[in-house]
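Peer 1: Below you'll find final00.tsv; it's TSV, C-alpha atoms.
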```tsv
chain	number	residue	atom	x	y	z
M	1	MET	CA	19.77	22.35	-27.66
M	2	ILE	CA	16.60	23.09	-25.65
M	3	ARG	CA	15.59	20.59	-23.00
M	4	GLU	CA	11.95	20.09	-22.17
M	5	VAL	CA	10.98	20.29	-18.54
M	6	GLN	CA	8.67	17.46	-17.58
M	7	ALA	CA	6.18	17.88	-14.80
M	8	LEU	CA	6.27	15.40	-11.97
M	9	SER	CA	3.84	12.58	-12.46
M	10	HIS	CA	0.99	12.40	-9.98
M	11	HIS	CA	0.68	9.19	-7.97
M	12	ASN	CA	-2.42	8.58	-5.90
M	13	THR	CA	-1.97	7.33	-2.38
M	14	ALA	CA	-3.37	3.99	-1.24
M	15	PHE	CA	-5.84	5.93	0.92
M	16	HIS	CA	-7.06	7.85	-2.14
M	17	GLN	CA	-7.63	4.55	-3.92
M	18	LEU	CA	-9.67	3.29	-0.96
M	19	LEU	CA	-11.90	6.36	-1.25
M	20	LYS	CA	-12.52	5.98	-5.01
M	21	PRO	CA	-15.81	4.05	-4.70
M	22	LEU	CA	-17.22	6.93	-2.65
M	23	SER	CA	-18.42	9.78	-4.84
M	24	ARG	CA	-17.68	13.15	-3.22
M	25	HIS	CA	-20.86	14.53	-4.79
M	26	ASP	CA	-22.98	11.79	-3.16
M	27	PHE	CA	-21.22	12.33	0.17
M	28	GLU	CA	-21.87	16.09	0.13
M	29	ARG	CA	-25.54	15.54	-0.77
M	30	LEU	CA	-25.94	13.09	2.12
M	31	ALA	CA	-24.04	15.43	4.46
M	32	LYS	CA	-26.46	18.23	3.59
M	33	GLU	CA	-29.44	15.94	4.32
M	34	HIS	CA	-28.08	14.83	7.70
M	35	HIS	CA	-26.73	18.18	8.93
M	36	HIS	CA	-28.10	19.57	12.21
M	37	GLY	CA	-27.67	22.99	13.76
M	38	GLN	CA	-25.60	25.91	12.56
M	39	LYS	CA	-23.40	25.90	9.48
M	40	LEU	CA	-19.96	24.42	10.13
M	41	ARG	CA	-17.34	27.19	9.94
M	42	SER	CA	-13.87	25.77	10.32
M	43	ALA	CA	-14.31	22.19	9.09
M	44	THR	CA	-16.65	20.18	6.90
M	45	ARG	CA	-18.17	16.74	7.28
M	46	TRP	CA	-15.76	15.63	4.52
M	47	ASP	CA	-12.83	16.82	6.67
M	48	GLN	CA	-14.32	14.86	9.58
M	49	PHE	CA	-14.80	11.75	7.45
M	50	ILE	CA	-11.26	11.85	6.05
M	51	GLY	CA	-9.81	12.47	9.51
M	52	MET	CA	-11.78	9.69	11.17
M	53	ALA	CA	-11.11	7.22	8.33
M	54	MET	CA	-7.37	7.94	8.41
M	55	SER	CA	-7.30	7.60	12.18
M	56	GLN	CA	-9.20	4.31	12.07
M	57	LEU	CA	-6.88	2.83	9.45
M	58	SER	CA	-3.73	4.02	11.21
M	59	GLY	CA	-4.84	2.99	14.72
M	60	ARG	CA	-4.91	6.45	16.34
M	61	GLN	CA	-6.01	6.44	19.98
M	62	SER	CA	-6.96	10.00	20.90
M	63	LEU	CA	-8.11	13.30	19.43
M	64	ARG	CA	-4.65	14.76	20.04
M	65	ASP	CA	-3.10	11.81	18.18
M	66	ILE	CA	-5.59	12.23	15.30
M	67	GLN	CA	-4.88	15.96	15.09
M	68	SER	CA	-1.10	15.53	15.01
M	69	ASN	CA	-1.39	12.79	12.36
M	70	LEU	CA	-3.63	14.97	10.17
M	71	GLU	CA	-1.28	17.91	10.59
M	72	SER	CA	1.70	15.81	9.53
M	73	GLN	CA	-0.20	14.56	6.45
M	74	LYS	CA	-1.39	18.05	5.43
M	75	HIS	CA	0.12	17.87	1.92
M	76	LYS	CA	-1.68	14.58	1.24
M	77	LEU	CA	-4.99	15.82	2.67
M	78	TYR	CA	-4.95	18.67	0.18
M	79	HIS	CA	-5.14	16.20	-2.71
M	80	LEU	CA	-8.12	14.49	-1.04
M	81	GLY	CA	-9.99	17.80	-0.76
M	82	ALA	CA	-9.65	17.90	3.02
M	83	LYS	CA	-7.69	19.84	5.61
M	84	PRO	CA	-6.45	19.18	9.14
M	85	ILE	CA	-8.99	19.70	11.93
M	86	ALA	CA	-8.36	21.08	15.41
M	87	ARG	CA	-9.14	18.50	18.07
M	88	SER	CA	-11.79	20.73	19.69
M	89	THR	CA	-13.53	21.12	16.31
M	90	LEU	CA	-13.37	17.39	15.65
M	91	ALA	CA	-14.76	16.67	19.12
M	92	ARG	CA	-17.60	19.16	18.59
M	93	ILE	CA	-18.52	17.73	15.17
M	94	ASN	CA	-18.39	14.16	16.48
M	95	GLU	CA	-20.62	15.11	19.41
M	96	ASN	CA	-23.16	17.39	17.73
M	97	GLN	CA	-23.59	16.00	14.21
M	98	PRO	CA	-25.65	12.84	13.73
M	99	ALA	CA	-23.91	9.58	12.88
M	100	GLU	CA	-26.76	8.68	10.47
M	101	LEU	CA	-24.70	10.30	7.70
M	102	TYR	CA	-22.24	7.40	7.87
M	103	GLU	CA	-25.03	4.85	7.88
M	104	ALA	CA	-26.41	6.46	4.71
M	105	VAL	CA	-22.91	6.48	3.16
M	106	PHE	CA	-22.55	2.77	3.97
M	107	TYR	CA	-25.85	1.88	2.28
M	108	LYS	CA	-24.95	4.03	-0.75
M	109	LEU	CA	-21.65	2.15	-1.13
M	110	LEU	CA	-23.36	-1.20	-0.56
M	111	GLN	CA	-25.89	-0.41	-3.30
M	112	ARG	CA	-23.07	0.60	-5.65
M	113	CYS	CA	-21.16	-2.63	-4.95
M	114	ARG	CA	-24.23	-4.79	-5.45
M	115	ASN	CA	-24.98	-3.15	-8.80
M	116	GLN	CA	-21.49	-3.76	-10.20
M	117	PRO	CA	-21.13	-6.93	-12.23
M	118	GLY	CA	-18.66	-9.56	-11.05
M	119	SER	CA	-15.19	-9.42	-12.56
M	120	HIS	CA	-14.69	-13.15	-13.04
M	121	LYS	CA	-15.19	-14.65	-16.49
M	122	PHE	CA	-16.82	-17.86	-15.31
M	123	ARG	CA	-20.53	-18.48	-15.66
M	124	PHE	CA	-22.27	-20.55	-13.01
M	125	LYS	CA	-25.87	-21.60	-12.65
M	126	ASN	CA	-25.77	-20.68	-8.95
M	127	PRO	CA	-23.97	-17.81	-7.20
M	128	LEU	CA	-20.29	-18.37	-6.41
M	129	TYR	CA	-19.37	-18.00	-2.74
M	130	SER	CA	-16.11	-18.38	-0.90
M	131	LEU	CA	-15.72	-18.90	2.82
M	132	ASP	CA	-12.85	-17.56	4.90
M	133	ALA	CA	-12.31	-18.51	8.53
M	134	SER	CA	-9.58	-16.59	10.34
M	135	ALA	CA	-8.44	-16.69	13.94
M	136	ILE	CA	-7.98	-13.30	15.58
M	137	ASN	CA	-5.48	-13.41	18.42
M	138	LEU	CA	-6.51	-11.65	21.62
M	139	SER	CA	-4.78	-10.79	24.87
M	140	LEU	CA	-5.23	-13.50	27.47
M	141	LYS	CA	-5.21	-10.87	30.25
M	142	LEU	CA	-7.99	-8.80	28.66
M	143	PHE	CA	-10.13	-11.64	27.25
M	144	PRO	CA	-9.87	-14.67	29.57
M	145	TRP	CA	-13.22	-15.95	28.21
M	146	ALA	CA	-11.59	-16.58	24.80
M	147	ALA	CA	-8.86	-18.91	26.10
M	148	HIS	CA	-8.87	-22.31	24.42
M	149	ARG	CA	-5.41	-23.37	25.62
M	150	PRO	CA	-3.43	-22.23	28.67
M	151	ASP	CA	-1.20	-19.99	26.50
M	152	THR	CA	-3.48	-18.92	23.61
M	153	CYS	CA	-6.55	-16.77	23.33
M	154	ASN	CA	-8.44	-16.02	20.10
M	155	VAL	CA	-11.81	-15.80	18.37
M	156	LYS	CA	-12.80	-17.18	14.99
M	157	LEU	CA	-14.09	-14.84	12.28
M	158	SER	CA	-15.97	-16.47	9.39
M	159	VAL	CA	-16.87	-14.48	6.27
M	160	GLY	CA	-18.93	-15.65	3.29
M	161	LEU	CA	-18.12	-13.60	0.17
M	162	ASN	CA	-20.47	-13.45	-2.80
M	163	HIS	CA	-18.26	-13.18	-5.89
M	164	GLY	CA	-21.08	-11.73	-7.96
M	165	THR	CA	-21.13	-8.53	-5.90
M	166	HIS	CA	-17.83	-8.73	-3.97
M	167	VAL	CA	-19.83	-8.05	-0.82
M	168	PRO	CA	-19.80	-10.34	2.23
M	169	GLU	CA	-23.14	-12.13	2.55
M	170	PHE	CA	-22.52	-13.03	6.18
M	171	VAL	CA	-19.99	-12.49	8.92
M	172	ALA	CA	-19.89	-14.62	12.06
M	173	LEU	CA	-17.61	-13.96	15.03
```
Now, as a test, write the supplied structure out as structure tokens.

Peer 2:
Amino acid sequence: MIREVQALSHHNTAFHQLLKPLSRHDFERLAKEHHHGQKLRSATRWDQFIGMAMSQLSGRQSLRDIQSNLESQKHKLYHLGAKPIARSTLARINENQPAELYEAVFYKLLQRCRNQPGSHKFRFKNPLYSLDASAINLSLKLFPWAAHRPDTCNVKLSVGLNHGTHVPEFVAL
């Protein structure tokens, strides 16, 4: 009896799913438009974006911390089309390349979200909005201005979500 060998199934990471709305083709086109100076040799703007996004989501504090995290996640970066970046290279790209690329990426994603139809089945005459008000706890030692009781310190974050586009219409802190 011959047994068939099955390949391991591929499971996307949660980070990969977060990146799905961003087309790599659109990102590369925008990166080419907003590039300044010499051609990047050892890293790309995509590598920078993946590294900075991962570090933001995982709460990394320094370039050394970002580099070690990227190095430890090397096998996952490969599937995202990125590679680890040396901290000196990341520092140089962050310093020398314009941040307008990320502004353009934001507006591209915002346009894509606004053009997608809502997923709810209800039909309303007026747009459907929901309001969320959350308290964000802060350190009393660092933010004494936000104290509202002797032992608590926080700020209120209010978000109005338009269900037609799944994009916040306003945010108030």

Peer 1: Nearest to Glu103 (chain M): which of M:Val159, M:Leu57, M:Leu138, M:Leu30 is it, counting all atoms listed in the file?

Peer 2: M:Leu30

Peer 1: What is the CA of Ile66 (chain M) to CA of Gln48 (chain M) distance in Å?

Peer 2: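 So the two atoms, CA of Ile66 (chain M) and CA of Gln48 (chain M), lie 10.8 Å apart.
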
Peer 1: Restricting the calculation to all atoms listed in the file, which member of M:Arg87, M:His75, M:Lys125, M:His166 is positioned closest to Thr13 (chain M)?

Peer 2: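 Comparing M:Arg87, M:His75, M:Lys125, M:His166 against Thr13 (chain M), the winner is M:His75.
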
Peer 1: With only C-alpha atoms as the atoms that count, which of M:Ile93, M:Leu101, M:Gly160, M:Glu71 lies nearest to Phe27 (chain M)?

Peer 2: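 Answer, going by the shortest atom-to-atom distance: M:Leu101.
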
Peer 1: Identify, on the basis of only C-alpha atoms, every residue whose closest approach to Leu109 (chain M) does not exceed 12 Å; exclude the query and any residue fewer than 2 positions from it along the same chain; express the result as a PDB file with C-alpha atoms, in the coordinates of the input.

Peer 2:
```
ATOM      1  CA  LEU M  19     -11.900   6.360  -1.250  1.00  0.00           C
ATOM      2  CA  LYS M  20     -12.520   5.980  -5.010  1.00  0.00           C
ATOM      3  CA  PRO M  21     -15.810   4.050  -4.700  1.00  0.00           C
ATOM      4  CA  LEU M  22     -17.220   6.930  -2.650  1.00  0.00           C
ATOM      5  CA  SER M  23     -18.420   9.780  -4.840  1.00  0.00           C
ATOM      6  CA  ARG M  24     -17.680  13.150  -3.220  1.00  0.00           C
ATOM      7  CA  ASP M  26     -22.980  11.790  -3.160  1.00  0.00           C
ATOM      8  CA  PHE M  27     -21.220  12.330   0.170  1.00  0.00           C
ATOM      9  CA  TYR M 102     -22.240   7.400   7.870  1.00  0.00           C
ATOM     10  CA  GLU M 103     -25.030   4.850   7.880  1.00  0.00           C
ATOM     11  CA  ALA M 104     -26.410   6.460   4.710  1.00  0.00           C
ATOM     12  CA  VAL M 105     -22.910   6.480   3.160  1.00  0.00           C
ATOM     13  CA  PHE M 106     -22.550   2.770   3.970  1.00  0.00           C
ATOM     14  CA  TYR M 107     -25.850   1.880   2.280  1.00  0.00           C
ATOM     15  CA  GLN M 111     -25.890  -0.410  -3.300  1.00  0.00           C
ATOM     16  CA  ARG M 112     -23.070   0.600  -5.650  1.00  0.00           C
ATOM     17  CA  CYS M 113     -21.160  -2.630  -4.950  1.00  0.00           C
ATOM     18  CA  ARG M 114     -24.230  -4.790  -5.450  1.00  0.00           C
ATOM     19  CA  ASN M 115     -24.980  -3.150  -8.800  1.00  0.00           C
ATOM     20  CA  GLN M 116     -21.490  -3.760 -10.200  1.00  0.00           C
ATOM     21  CA  THR M 165     -21.130  -8.530  -5.900  1.00  0.00           C
ATOM     22  CA  HIS M 166     -17.830  -8.730  -3.970  1.00  0.00           C
ATOM     23  CA  VAL M 167     -19.830  -8.050  -0.820  1.00  0.00           C
TER      24      VAL M 167
END
```

Peer 1: By how many Å are CA of Ser158 (chain M) and CA of Ser55 (chain M) apart?

Peer 2: 25.7 Å

Peer 1: When you count only C-alpha atoms, which of these residues is closest to Cys153 (chain M): M:Leu63, M:Leu140, M:Leu70, M:Leu128?

Peer 2: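 With only C-alpha atoms as the atom set, the closest residue is M:Leu140.
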
Peer 1: Could you tell me how far CA of Lys32 (chain M) sits from CA of Ser88 (chain M), in Å to one decimal place?

Peer 2: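 A separation of 21.9 Å between them.
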
Peer 1: When distances are computed from only C-alpha atoms, which of M:Leu77, M:Pro84, M:Met54, M:Asn96 shows the smallest separation from Leu40 (chain M)?

Peer 2: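 Closest candidate: M:Asn96.
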
Peer 1: When distances are computed from all atoms listed in the file, which of M:Asn154, M:Ala172, M:Arg92, M:His163 shows the smallest separation from Ala133 (chain M)?

Peer 2: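 Closest candidate: M:Ala172.
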